[in-house]
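J.: Pasting a structure here, questions to come.
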Amino acid sequence: EVHLVESGGGLVQPGGSLRLSCTASGFTFGSYHMTWVRQAPGKGPEHVSSIWTKGGIRYADFVKGRFTISRDNAKNTLNLQMNSLKPEDTGVYYCTRWDDDGNYLEIWGQGTLVTVSS
């Protein structure tokens with residue numbers, strides 16, 4: 001069975017850092033594009049960052065220069081290093097996997113809550 005399990009969320013002060021991790025199981029991790037999506041309170045989901053199977057990377061404009069996505073195919077792990085956090089970064093962060101053809105986000109983790117507040 002396919003699973004994505006996020007960890008690393010929590011409460012952090014503005015300007016602080018957090019590192020999110022996502023552990024994948026039940027599929028060949030290195031064969032799939034992966035994406036971090038977040039959902040702020042009262043808002044819809046929004047793309048944060050994607051990493052393709054061959055290593056290409058894309059960031060949303062609002063995280064460029066602050067967040068770094070990475071993957072370790074040997075450990076079936078997707079990571080998101082978040083620096084210089086802002087209150088508007090608060091939300092639930094989801095690890096997601098694209099479908100076989102790269103058309104839509106097929107698999108979602110349960111999410112991990114990030115709260116940026118003083």
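Chain labels run A, B, ... following the order of the structure tokens; each chain numbers its residues from 1, and ligands are numbered from 1 in the order shown.
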Which of segment 10-114 of chain A end up as strand (DSSP E) when DSSP is run on this backbone - answer as a PyMOL selection string?
T.: chain A and resi 10-12+18-25+34-39+45-51+57-59+67-72+77-82+91-98+105-108+112-114
J.: Set the distance at 8 Å and use only C-alpha atoms: which residues neighbour Pro14 of chain A once local chain neighbours fewer than 4 positions away are removed? I'd like the list as a PyMOL selection string.
T.: chain A and resi 84-87+116-118
J.: For Val48 of chain A, find every residue with an atom within 12 Å (counting only C-alpha atoms), except residues of its own chain fewer than 3 positions away, and show them as JSON, numbers by chain.
T.: {"A": [34, 35, 36, 37, 38, 39, 40, 45, 51, 57, 58, 59, 60, 61, 62, 63, 64, 66, 67, 68, 69, 80, 81, 82, 89, 91, 92, 93, 94, 95, 96]}
J.: Between atom CA of Gly111 of chain A and atom CA of Leu11 of chain A, what is the distance in Å, rounded to a tenth?
T.: 14.7 Å
J.: Rounded to one decimal place, report the atom CA of Trp52 of chain A-atom CA of Gly102 of chain A distance in Å.
T.: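 The value is 9.6 Å.
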J.: Between atom CA of His47 of chain A and atom CA of Lys75 of chain A, measure the distance and give it in Å to one decimal.
T.: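 That distance, rounded to one decimal, is 23.9 Å.
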J.: A:Ser17, A:Cys22, A:His3, A:Asn103: which is nearest Thr77 of chain A, counting only C-alpha atoms?
T.: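 Comparing A:Ser17, A:Cys22, A:His3, A:Asn103 against Thr77 of chain A, the winner is A:Cys22.
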J.: Restricting the calculation to only C-alpha atoms: of A:Leu78, A:Ala24, A:Val5, A:Val12, which residue gets closest to Thr115 of chain A?
T.: A:Val12
J.: From the options A:Gly44, A:Phe29, A:Leu4, A:Asn73, which residue's atoms come nearest to Asp100 of chain A, counting only C-alpha atoms?
T.: A:Phe29
J.: Just list the residues in chain A DSSP gives helix (DSSP H, G or I) on the backbone, as a list in words.
T.: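 Of chain A, only Phe29, Gly30, Ser31, Asp61, Phe62, Val63, Pro87, Glu88 and Asp89 of chain A fall in helix (DSSP H, G or I).
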